[in-house]
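**Student:** Below is one structure. I have some questions about it.
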Amino acid sequence: MARASAHSRADENSVEAGGYRQELERTLGSFQVFAISFAFISVAVGIFATYDDVLRNAGPVGIWLWIVAAVGQALVALVVAQFAARIPLSGSSYQWASRLANPRIGWWFGWVTFCYLAIAVVAVDNALASQAFMPLAGIEPDEDTARVITLIVLFVQAVLAIASTRLVSMINTSAVGLELGLVVVLAIALVVAVVITGRGDPGNLASRGVTENAPDYFTVGGGLMLAMLMGLGTLVGFDAAANLAEEAEDPHRSVPRAIVGSVVAAGVLGLLFLIALTVAIDDIPRISASGSPVAAIMRDQLGPVMERTLLAAITFAFFGAGMVVLAACSRLVFAMSRDARFPAHRLMRRVDPRTHTPVPATILIFLLGVVLMIALPGDALLELITASTILPALIYASTVVLYLAVRRRLDRRKGAFDLGRFELPVALGALVWSAVALFVLVTPSNAVVPVVIVAGLVVAGGVFFLALLVFDRQALETEPGDVSVFEH
């Protein structure tokens, strides 16, 4: 008990040292913090949503590029963990850049991250509706129906996020526990089914499938390179735990471990699941043409009951992932607002004294989701969601560059996560990987519109940035945590 009290005081002191009062309630233990990052990644959800693209663009052999993406993202996660161990404050990269570079650079980190998270909430919930819940409920594909379901899901998530961080953590932890068990059980069950029935082929692991005669298979932006998008689109969001650092117990240790551990766990489990799925394919052309290859493989090998069980579990995992994204985005808005760097900051920085959650910031994310669902036509929404896959790569690359620029100024906290003598080679490796990831994301021919959208989001941020410079320059020049100048 005495040790727990000492940790609690030390955790509160880390917030006070940043210049803030402890307003959010610390309720997240080590596994809950890990579950936040793992839920954002949601390896089963990511594979479920993108496996068809791998089969059509690169064939079954394309799954091996998952390893490349997992190793590269693990290097980035190690760099991010270095920051999280030293500055465990809500806002993650916004805080790190503001304090170690300057507030103006920090603002840009915050803006790009906000754009990514606000879009990601809608992307996850819309995928929940169209790819998991509607097939599970036997509802025919329909865009309008999917949008209505998306809004209902988003509303429920917002209510839960406002009600209690502990409740969000309980639901999310249950979803992650189910997902971890499901991936392992399904991988084993598929292998056993292949051995017993003889349907399936280990040779699939080296097959190009329907892309056997594709002329641009090995070119830049070609089929093989496109297979990398599964790992790049799935193994992201591991820094979500850093956005909730002020609600984590012993954040100097638990948050960095969650960031790295979630990527490693997702990388290993994802690879095992992909191998089992690929070996279990008994008709590559038919499965490649399926709208949901993972569900089709489950139905072929394990029967319709297991297929529906998978869809139910995936729906729950989607729900947990969406709720984590919403919570992380609201904490970023809260963090920027208490430094007066977000529109309507006096409102957005408010924390409910009973629930200890940033209620206005959470409502804002919900309302933005409503606007996107109602205002954007189908094609525009799809392009916006596609553009959001570029944003995390841009954020991570910028974070790695920031680390290399300021690493000599970082202090060393006893007992906290630290790479020691490996920090420079890891950071350089992460820098090279970040450049590769961005190249893979922006070079395909169908990436032109998403790149334009990302540029448009940057321009929109630039307009607001200039407005701050003209009308509220102090907000961009005051060190974060010096809230006294804004309290008058």
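Residues in the structure tokens are named by chain (A, B, ... in the order shown) and by number from 1 within that chain; ligands are numbered from 1 in the order shown.
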Could you list, with a cut-off of 12 Å and counting only C-alpha atoms, the residues of range 373-416 of chain A near range 137-154 of chain A, each shown with its nearest atom pair and the distance in Å rounded to one decimal, rows sorted by chain and ascending number, as a Markdown table?

**Tutor:**
| residue | atom | partner | partner_atom | distance |
| --- | --- | --- | --- | --- |
| A:Met373 | CA | A:Arg147 | CA | 6.3 |
| A:Ile374 | CA | A:Arg147 | CA | 8.0 |
| A:Ala375 | CA | A:Arg147 | CA | 11.1 |
| A:Leu376 | CA | A:Arg147 | CA | 10.8 |
| A:Pro377 | CA | A:Glu143 | CA | 9.8 |
| A:Gly378 | CA | A:Glu143 | CA | 7.6 |
| A:Asp379 | CA | A:Glu143 | CA | 10.9 |
| A:Leu381 | CA | A:Arg147 | CA | 10.9 |
| A:Leu382 | CA | A:Glu143 | CA | 11.5 |

**Student:** Restrict the selected residues to all heavy atoms and save them as a PDB file, in the first residue's frame.

**Tutor:**
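Ended up saving to again.pdb:
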ATOM      1  N   MET A 373     -19.656  11.886 -41.722  1.00  0.00           N
ATOM      2  CA  MET A 373     -20.596  10.866 -42.182  1.00  0.00           C
ATOM      3  C   MET A 373     -21.724  11.465 -43.028  1.00  0.00           C
ATOM      4  O   MET A 373     -22.180  10.879 -44.000  1.00  0.00           O
ATOM      5  CB  MET A 373     -21.200  10.137 -40.987  1.00  0.00           C
ATOM      6  CG  MET A 373     -20.332   9.051 -40.390  1.00  0.00           C
ATOM      7  SD  MET A 373     -20.255   7.556 -41.416  1.00  0.00           S
ATOM      8  CE  MET A 373     -18.709   7.827 -42.280  1.00  0.00           C
ATOM      9  N   ILE A 374     -22.186  12.641 -42.644  1.00  0.00           N
ATOM     10  CA  ILE A 374     -23.329  13.251 -43.326  1.00  0.00           C
ATOM     11  C   ILE A 374     -22.903  14.030 -44.574  1.00  0.00           C
ATOM     12  O   ILE A 374     -23.567  13.976 -45.616  1.00  0.00           O
ATOM     13  CB  ILE A 374     -24.101  14.178 -42.364  1.00  0.00           C
ATOM     14  CG1 ILE A 374     -24.738  13.346 -41.239  1.00  0.00           C
ATOM     15  CG2 ILE A 374     -25.163  14.982 -43.103  1.00  0.00           C
ATOM     16  CD1 ILE A 374     -25.437  14.174 -40.181  1.00  0.00           C
ATOM     17  N   ALA A 375     -21.780  14.744 -44.481  1.00  0.00           N
ATOM     18  CA  ALA A 375     -21.409  15.693 -45.536  1.00  0.00           C
ATOM     19  C   ALA A 375     -20.671  15.063 -46.712  1.00  0.00           C
ATOM     20  O   ALA A 375     -20.828  15.516 -47.854  1.00  0.00           O
ATOM     21  CB  ALA A 375     -20.561  16.814 -44.942  1.00  0.00           C
ATOM     22  N   LEU A 376     -19.857  14.034 -46.455  1.00  0.00           N
ATOM     23  CA  LEU A 376     -19.003  13.504 -47.522  1.00  0.00           C
ATOM     24  C   LEU A 376     -19.687  12.381 -48.291  1.00  0.00           C
ATOM     25  O   LEU A 376     -20.186  11.429 -47.686  1.00  0.00           O
ATOM     26  CB  LEU A 376     -17.682  12.981 -46.931  1.00  0.00           C
ATOM     27  CG  LEU A 376     -16.722  14.022 -46.377  1.00  0.00           C
ATOM     28  CD1 LEU A 376     -15.448  13.342 -45.898  1.00  0.00           C
ATOM     29  CD2 LEU A 376     -16.377  15.083 -47.417  1.00  0.00           C
ATOM     30  N   PRO A 377     -19.705  12.444 -49.618  1.00  0.00           N
ATOM     31  CA  PRO A 377     -20.202  11.319 -50.421  1.00  0.00           C
ATOM     32  C   PRO A 377     -19.245  10.134 -50.312  1.00  0.00           C
ATOM     33  O   PRO A 377     -18.124  10.260 -49.807  1.00  0.00           O
ATOM     34  CB  PRO A 377     -20.231  11.893 -51.841  1.00  0.00           C
ATOM     35  CG  PRO A 377     -19.233  13.009 -51.823  1.00  0.00           C
ATOM     36  CD  PRO A 377     -19.274  13.580 -50.443  1.00  0.00           C
ATOM     37  N   GLY A 378     -19.691   8.984 -50.795  1.00  0.00           N
ATOM     38  CA  GLY A 378     -18.935   7.744 -50.621  1.00  0.00           C
ATOM     39  C   GLY A 378     -17.503   7.803 -51.094  1.00  0.00           C
ATOM     40  O   GLY A 378     -16.577   7.446 -50.376  1.00  0.00           O
ATOM     41  N   ASP A 379     -17.289   8.264 -52.329  1.00  0.00           N
ATOM     42  CA  ASP A 379     -15.937   8.291 -52.883  1.00  0.00           C
ATOM     43  C   ASP A 379     -15.028   9.243 -52.098  1.00  0.00           C
ATOM     44  O   ASP A 379     -13.862   8.937 -51.847  1.00  0.00           O
ATOM     45  CB  ASP A 379     -15.981   8.715 -54.353  1.00  0.00           C
ATOM     46  CG  ASP A 379     -16.607   7.653 -55.237  1.00  0.00           C
ATOM     47  OD1 ASP A 379     -16.698   6.494 -54.787  1.00  0.00           O
ATOM     48  OD2 ASP A 379     -17.014   7.984 -56.364  1.00  0.00           O
ATOM     49  N   LEU A 381     -15.337  10.125 -48.959  1.00  0.00           N
ATOM     50  CA  LEU A 381     -15.054   9.545 -47.645  1.00  0.00           C
ATOM     51  C   LEU A 381     -13.969   8.480 -47.770  1.00  0.00           C
ATOM     52  O   LEU A 381     -13.052   8.413 -46.942  1.00  0.00           O
ATOM     53  CB  LEU A 381     -16.326   8.941 -47.052  1.00  0.00           C
ATOM     54  CG  LEU A 381     -16.182   8.292 -45.674  1.00  0.00           C
ATOM     55  CD1 LEU A 381     -15.770   9.320 -44.634  1.00  0.00           C
ATOM     56  CD2 LEU A 381     -17.491   7.605 -45.269  1.00  0.00           C
ATOM     57  N   LEU A 382     -14.052   7.663 -48.804  1.00  0.00           N
ATOM     58  CA  LEU A 382     -13.050   6.620 -49.011  1.00  0.00           C
ATOM     59  C   LEU A 382     -11.672   7.219 -49.239  1.00  0.00           C
ATOM     60  O   LEU A 382     -10.665   6.740 -48.685  1.00  0.00           O
ATOM     61  CB  LEU A 382     -13.449   5.745 -50.206  1.00  0.00           C
ATOM     62  CG  LEU A 382     -12.481   4.609 -50.563  1.00  0.00           C
ATOM     63  CD1 LEU A 382     -12.346   3.639 -49.395  1.00  0.00           C
ATOM     64  CD2 LEU A 382     -12.957   3.879 -51.812  1.00  0.00           C
TER      65      LEU A 382
END

**Student:** Could you pull the residues within 12 Å of Gly203 in chain A, counting only C-alpha atoms, minus those fewer than 2 positions along the same chain, as a ChimeraX atom specification?

**Tutor:** /A:60-61,200-201,205-209,275,278-282,284

**Student:** Would you export the selected residues with N, CA and C atoms as a PDB file, in the first residue's frame, please?

**Tutor:**
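Result file follows (again02.pdb):
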ATOM      1  N   PRO A  60      -0.514 -14.703 -52.343  1.00  0.00           N
ATOM      2  CA  PRO A  60      -0.248 -15.155 -50.974  1.00  0.00           C
ATOM      3  C   PRO A  60       1.169 -14.886 -50.488  1.00  0.00           C
ATOM      4  N   VAL A  61       2.142 -14.920 -51.384  1.00  0.00           N
ATOM      5  CA  VAL A  61       3.539 -14.709 -50.980  1.00  0.00           C
ATOM      6  C   VAL A  61       3.751 -13.314 -50.393  1.00  0.00           C
ATOM      7  N   GLY A 200      -6.048 -27.294 -48.489  1.00  0.00           N
ATOM      8  CA  GLY A 200      -5.040 -26.286 -48.183  1.00  0.00           C
ATOM      9  C   GLY A 200      -3.694 -26.759 -48.684  1.00  0.00           C
ATOM     10  N   ASP A 201      -2.722 -25.885 -48.651  1.00  0.00           N
ATOM     11  CA  ASP A 201      -1.417 -26.240 -49.229  1.00  0.00           C
ATOM     12  C   ASP A 201      -0.327 -25.329 -48.668  1.00  0.00           C
ATOM     13  N   LEU A 205       2.394 -20.465 -49.491  1.00  0.00           N
ATOM     14  CA  LEU A 205       3.262 -19.461 -48.881  1.00  0.00           C
ATOM     15  C   LEU A 205       4.283 -18.898 -49.869  1.00  0.00           C
ATOM     16  N   ALA A 206       4.490 -19.587 -50.983  1.00  0.00           N
ATOM     17  CA  ALA A 206       5.430 -19.100 -51.998  1.00  0.00           C
ATOM     18  C   ALA A 206       4.733 -18.797 -53.319  1.00  0.00           C
ATOM     19  N   SER A 207       3.400 -18.748 -53.310  1.00  0.00           N
ATOM     20  CA  SER A 207       2.647 -18.575 -54.547  1.00  0.00           C
ATOM     21  C   SER A 207       2.319 -17.107 -54.820  1.00  0.00           C
ATOM     22  N   ARG A 208       2.381 -16.731 -56.089  1.00  0.00           N
ATOM     23  CA  ARG A 208       1.942 -15.396 -56.502  1.00  0.00           C
ATOM     24  C   ARG A 208       0.453 -15.368 -56.829  1.00  0.00           C
ATOM     25  N   GLY A 209      -0.189 -16.519 -56.811  1.00  0.00           N
ATOM     26  CA  GLY A 209      -1.631 -16.590 -56.981  1.00  0.00           C
ATOM     27  C   GLY A 209      -2.111 -15.952 -58.268  1.00  0.00           C
ATOM     28  N   ILE A 275       0.171 -16.800 -41.721  1.00  0.00           N
ATOM     29  CA  ILE A 275       0.686 -18.084 -42.216  1.00  0.00           C
ATOM     30  C   ILE A 275      -0.424 -19.131 -42.194  1.00  0.00           C
ATOM     31  N   THR A 278      -3.046 -18.439 -44.898  1.00  0.00           N
ATOM     32  CA  THR A 278      -2.545 -18.679 -46.258  1.00  0.00           C
ATOM     33  C   THR A 278      -2.420 -20.161 -46.555  1.00  0.00           C
ATOM     34  N   VAL A 279      -1.931 -20.917 -45.595  1.00  0.00           N
ATOM     35  CA  VAL A 279      -1.826 -22.368 -45.776  1.00  0.00           C
ATOM     36  C   VAL A 279      -3.213 -22.983 -45.943  1.00  0.00           C
ATOM     37  N   ALA A 280      -4.222 -22.404 -45.304  1.00  0.00           N
ATOM     38  CA  ALA A 280      -5.578 -22.969 -45.319  1.00  0.00           C
ATOM     39  C   ALA A 280      -6.364 -22.646 -46.588  1.00  0.00           C
ATOM     40  N   ILE A 281      -5.796 -21.868 -47.506  1.00  0.00           N
ATOM     41  CA  ILE A 281      -6.507 -21.564 -48.766  1.00  0.00           C
ATOM     42  C   ILE A 281      -6.496 -22.802 -49.653  1.00  0.00           C
ATOM     43  N   ASP A 282      -7.687 -23.261 -50.064  1.00  0.00           N
ATOM     44  CA  ASP A 282      -7.736 -24.440 -50.939  1.00  0.00           C
ATOM     45  C   ASP A 282      -8.011 -24.083 -52.392  1.00  0.00           C
ATOM     46  N   ILE A 284      -7.050 -20.614 -54.494  1.00  0.00           N
ATOM     47  CA  ILE A 284      -6.534 -19.245 -54.439  1.00  0.00           C
ATOM     48  C   ILE A 284      -7.355 -18.274 -55.280  1.00  0.00           C
TER      49      ILE A 284
END

**Student:** Any idea what's packed within 12 Å of Phe471 in chain A, counting only C-alpha atoms, ignoring anything in its chain fewer than 6 positions away? Could you give it as a compact mmCIF listing (two decimals) with all heavy atoms, in the first residue's frame?

**Tutor:**
# COMPACT_ATOMS: atom_id res chain seq x y z
N ARG A 341 -3.93 26.37 -27.40
CA ARG A 341 -3.49 26.18 -28.78
C ARG A 341 -4.51 25.44 -29.63
O ARG A 341 -4.15 24.85 -30.64
CB ARG A 341 -2.14 25.45 -28.81
CG ARG A 341 -1.05 26.30 -28.16
CD ARG A 341 0.32 25.71 -28.37
NE ARG A 341 1.26 26.51 -27.57
CZ ARG A 341 2.13 25.98 -26.73
NH1 ARG A 341 2.20 24.68 -26.57
NH2 ARG A 341 2.94 26.76 -26.03
N PHE A 464 -4.98 28.23 -39.83
CA PHE A 464 -5.23 28.43 -38.40
C PHE A 464 -3.95 28.87 -37.69
O PHE A 464 -3.98 29.71 -36.78
CB PHE A 464 -5.76 27.15 -37.77
CG PHE A 464 -6.05 27.28 -36.30
CD1 PHE A 464 -7.02 28.17 -35.85
CD2 PHE A 464 -5.35 26.53 -35.38
CE1 PHE A 464 -7.28 28.31 -34.49
CE2 PHE A 464 -5.60 26.66 -34.02
CZ PHE A 464 -6.57 27.55 -33.58
N PHE A 465 -2.81 28.33 -38.12
CA PHE A 465 -1.52 28.71 -37.53
C PHE A 465 -1.27 30.20 -37.73
O PHE A 465 -0.85 30.91 -36.81
CB PHE A 465 -0.41 27.88 -38.16
CG PHE A 465 0.95 28.10 -37.56
CD1 PHE A 465 1.32 27.46 -36.40
CD2 PHE A 465 1.87 28.94 -38.18
CE1 PHE A 465 2.58 27.65 -35.84
CE2 PHE A 465 3.12 29.14 -37.64
CZ PHE A 465 3.48 28.49 -36.47

**Student:** Please determine, counting only C-alpha atoms, which residue among A:Val255, A:Ala227, A:Val121, A:Ala214 has the shortest atom-to-atom distance to Gln157 in chain A.

**Tutor:**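 Under the stated criterion, the closest residue is A:Val121.
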
**Student:** Considering only C-alpha atoms, return as a PyMOL selection string whatever protein or nucleic-acid residues lie within 9 Å of range 240-254 of chain A, sequence-local ones (same chain, fewer than 4 positions apart) excluded.

**Tutor:** chain A and resi 7-8+10-12+14-15+22-38+40+80-81+84-93+165+258-259+324-325+327-329+331-332+335+413+415-417

**Student:** Could you save those same residues with C-alpha atoms as a short mmCIF file (atom, residue, chain, number, x, y, z; two decimals), in the first residue's frame?

**Tutor:**
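Now in out-v6.cif:
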data_model
loop_
_atom_site.label_atom_id
_atom_site.label_comp_id
_atom_site.auth_asym_id
_atom_site.auth_seq_id
_atom_site.Cartn_x
_atom_site.Cartn_y
_atom_site.Cartn_z
CA HIS A 7 3.97 5.64 -7.05
CA SER A 8 0.75 7.70 -7.09
CA ALA A 10 5.38 10.33 -8.13
CA ASP A 11 2.94 10.05 -11.03
CA GLU A 12 1.11 13.21 -9.97
CA SER A 14 5.28 14.18 -13.21
CA VAL A 15 2.18 16.14 -14.29
CA GLN A 22 -3.57 16.44 -12.08
CA GLU A 23 -7.15 16.59 -13.42
CA LEU A 24 -7.48 13.20 -15.12
CA GLU A 25 -7.84 10.18 -12.87
CA ARG A 26 -5.09 7.52 -12.82
CA THR A 27 -6.93 4.23 -13.21
CA LEU A 28 -4.93 2.37 -15.86
CA GLY A 29 -2.65 -0.46 -14.78
CA SER A 30 0.11 -2.02 -16.89
CA PHE A 31 -2.10 -4.41 -18.88
CA GLN A 32 -4.76 -1.75 -19.40
CA VAL A 33 -2.12 0.57 -20.84
CA PHE A 34 -0.84 -2.23 -23.09
CA ALA A 35 -4.42 -2.95 -24.18
CA ILE A 36 -4.86 0.66 -25.32
CA SER A 37 -1.97 0.46 -27.76
CA PHE A 38 -2.77 -3.10 -28.86
CA PHE A 40 -5.49 0.67 -31.67
CA VAL A 80 8.66 6.81 -29.44
CA ALA A 81 9.10 4.92 -26.16
CA ALA A 84 7.22 8.54 -23.55
CA ALA A 85 9.53 7.50 -20.72
CA ARG A 86 10.73 11.07 -20.19
CA ILE A 87 7.62 13.20 -20.84
CA PRO A 88 4.56 11.13 -19.79
CA LEU A 89 1.93 13.77 -20.55
CA SER A 90 -1.32 13.72 -22.53
CA GLY A 91 -0.71 14.95 -26.05
CA SER A 92 2.32 12.72 -26.71
CA SER A 93 4.24 14.07 -29.73
CA THR A 165 -12.07 6.00 -18.33
CA ALA A 258 3.03 -0.83 -23.79
CA ILE A 259 4.22 1.00 -26.91
CA VAL A 324 -9.52 3.92 -27.96
CA VAL A 325 -9.00 6.19 -30.98
CA ALA A 327 -10.30 8.64 -26.26
CA ALA A 328 -6.79 9.32 -27.58
CA CYS A 329 -8.04 12.12 -29.84
CA ARG A 331 -6.90 13.73 -24.80
CA LEU A 332 -4.89 15.42 -27.53
CA ALA A 335 -3.74 18.77 -23.97
CA ARG A 413 15.36 8.82 -15.31
CA GLY A 415 14.32 2.87 -13.69
CA ALA A 416 12.59 4.33 -16.74
CA PHE A 417 12.73 2.79 -20.21
#

**Student:** Identify which of the residues A:Ile385, A:Ala97, A:Leu178, A:Leu226 lies closest to Leu65 in chain A, counting only C-alpha atoms when measuring atom-to-atom distances.

**Tutor:**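 For Leu65 in chain A, the nearest of the given residues is A:Leu226.
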
**Student:** Of the residues A:Ala44, A:Ala266, A:Ala163, A:Leu466, which is the one nearest to Pro353 in chain A, using only C-alpha atoms?

**Tutor:**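 With only C-alpha atoms as the atom set, the closest residue is A:Ala163.
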
**Student:** Could you give me, as a list in words, the residues within 8 Å of Pro103 in chain A, counting only C-alpha atoms and dropping anything in the same chain fewer than 5 positions from it?

**Tutor:**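 Once the adjacent positions are removed, what remains is Ala97, Ser98, Leu476, Glu477, Thr478, Glu479 and Pro480 of chain A.
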
**Student:** Can I get the selected residues back with C-alpha atoms, as a PDB file, in the first residue's frame?

**Tutor:**
ATOM      1  CA  ALA A  97       8.043  18.652 -29.759  1.00  0.00           C
ATOM      2  CA  SER A  98       6.721  21.680 -27.841  1.00  0.00           C
ATOM      3  CA  LEU A 476       2.523  29.937 -29.838  1.00  0.00           C
ATOM      4  CA  GLU A 477       5.367  31.533 -27.923  1.00  0.00           C
ATOM      5  CA  THR A 478       4.583  30.502 -24.342  1.00  0.00           C
ATOM      6  CA  GLU A 479       6.199  27.307 -23.075  1.00  0.00           C
ATOM      7  CA  PRO A 480       3.691  24.476 -22.571  1.00  0.00           C
TER       8      PRO A 480
END

**Student:** From the list A:Val192, A:Asp411, A:Gly481, A:Val156, which residue is nearest Arg338 in chain A when using only C-alpha atoms?

**Tutor:**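 Ranking A:Val192, A:Asp411, A:Gly481, A:Val156 by distance to Arg338 in chain A, first place goes to A:Gly481.
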
**Student:** Mind pulling up the distance from CA of Trp64 in chain A to CA of Leu117 in chain A?

**Tutor:**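 Value for the CA of Leu117 in chain A-CA of Trp64 in chain A distance: 28.3 Å.
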
**Student:** Where in range 324-474 of chain A does DSSP assign helix (DSSP H, G or I), given as a ChimeraX atom specification?

**Tutor:** /A:324-337,345-348,359-375,378-387,390-409,420-442,445-471,473-474

**Student:** When distances are computed from only C-alpha atoms, which of A:Met225, A:Val79, A:Ile365, A:Val68 shows the smallest separation from Val333 in chain A?

**Tutor:**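 Ranking A:Met225, A:Val79, A:Ile365, A:Val68 by distance to Val333 in chain A, first place goes to A:Ile365.
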
**Student:** Report, in Å to a single decimal, how far apart CA of Thr362 in chain A and CA of Ala158 in chain A are.

**Tutor:** 6.4 Å

**Student:** For Ile47 in chain A, please output as a CSV table (one decimal) with C-alpha atoms, in the first residue's frame all residues within 9 Å (counting only C-alpha atoms; exclusion window: fewer than 4 positions along the same chain).

**Tutor:**
chain,number,residue,atom,x,y,z
A,42,SER,CA,-6.0,-4.4,-33.6
A,43,VAL,CA,-4.1,-7.0,-35.6
A,51,TYR,CA,-5.8,-9.5,-46.6
A,52,ASP,CA,-7.9,-9.3,-49.8
A,230,MET,CA,-1.2,-4.3,-44.9
A,231,GLY,CA,1.6,-4.0,-42.3
A,234,THR,CA,-2.2,-2.2,-39.3
A,270,GLY,CA,-0.2,-11.3,-37.0
A,273,PHE,CA,-2.3,-15.8,-38.2
A,274,LEU,CA,-1.3,-14.9,-41.8
A,294,VAL,CA,-10.6,-14.3,-44.1

**Student:** From the list A:Ala69, A:Val183, A:Ile105, A:Ala161, which residue is nearest Gly322 in chain A when using only C-alpha atoms?

**Tutor:**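 Ranked by minimum distance to Gly322 in chain A, first place goes to A:Ala161.
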
**Student:** Leaving out Thr113 in chain A and any residue of its chain fewer than 5 positions from it, which residues lie within 8 Å of it when counting only C-alpha atoms, given as a PDB file with N, CA, C and O atoms, in the first residue's frame?

**Tutor:**
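Final output, saved to part-v5.pdb:
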ATOM      1  N   LEU A 391      -0.870   9.822 -42.870  1.00  0.00           N
ATOM      2  CA  LEU A 391      -0.613  10.724 -41.744  1.00  0.00           C
ATOM      3  C   LEU A 391       0.224  10.096 -40.636  1.00  0.00           C
ATOM      4  O   LEU A 391       1.169  10.729 -40.147  1.00  0.00           O
ATOM      5  N   PRO A 392      -0.063   8.856 -40.173  1.00  0.00           N
ATOM      6  CA  PRO A 392       0.784   8.313 -39.102  1.00  0.00           C
ATOM      7  C   PRO A 392       2.233   8.127 -39.526  1.00  0.00           C
ATOM      8  O   PRO A 392       3.150   8.336 -38.722  1.00  0.00           O
ATOM      9  N   ILE A 395       3.782  11.439 -39.193  1.00  0.00           N
ATOM     10  CA  ILE A 395       3.984  11.765 -37.779  1.00  0.00           C
ATOM     11  C   ILE A 395       5.182  11.006 -37.217  1.00  0.00           C
ATOM     12  O   ILE A 395       6.041  11.583 -36.524  1.00  0.00           O
TER      13      ILE A 395
END

**Student:** Quick check, in Å to one decimal: how far apart do CA of Leu404 in chain A and CA of Leu431 in chain A lie?

**Tutor:**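 Atom-to-atom, CA of Leu404 in chain A and CA of Leu431 in chain A are spaced 9.0 Å apart.
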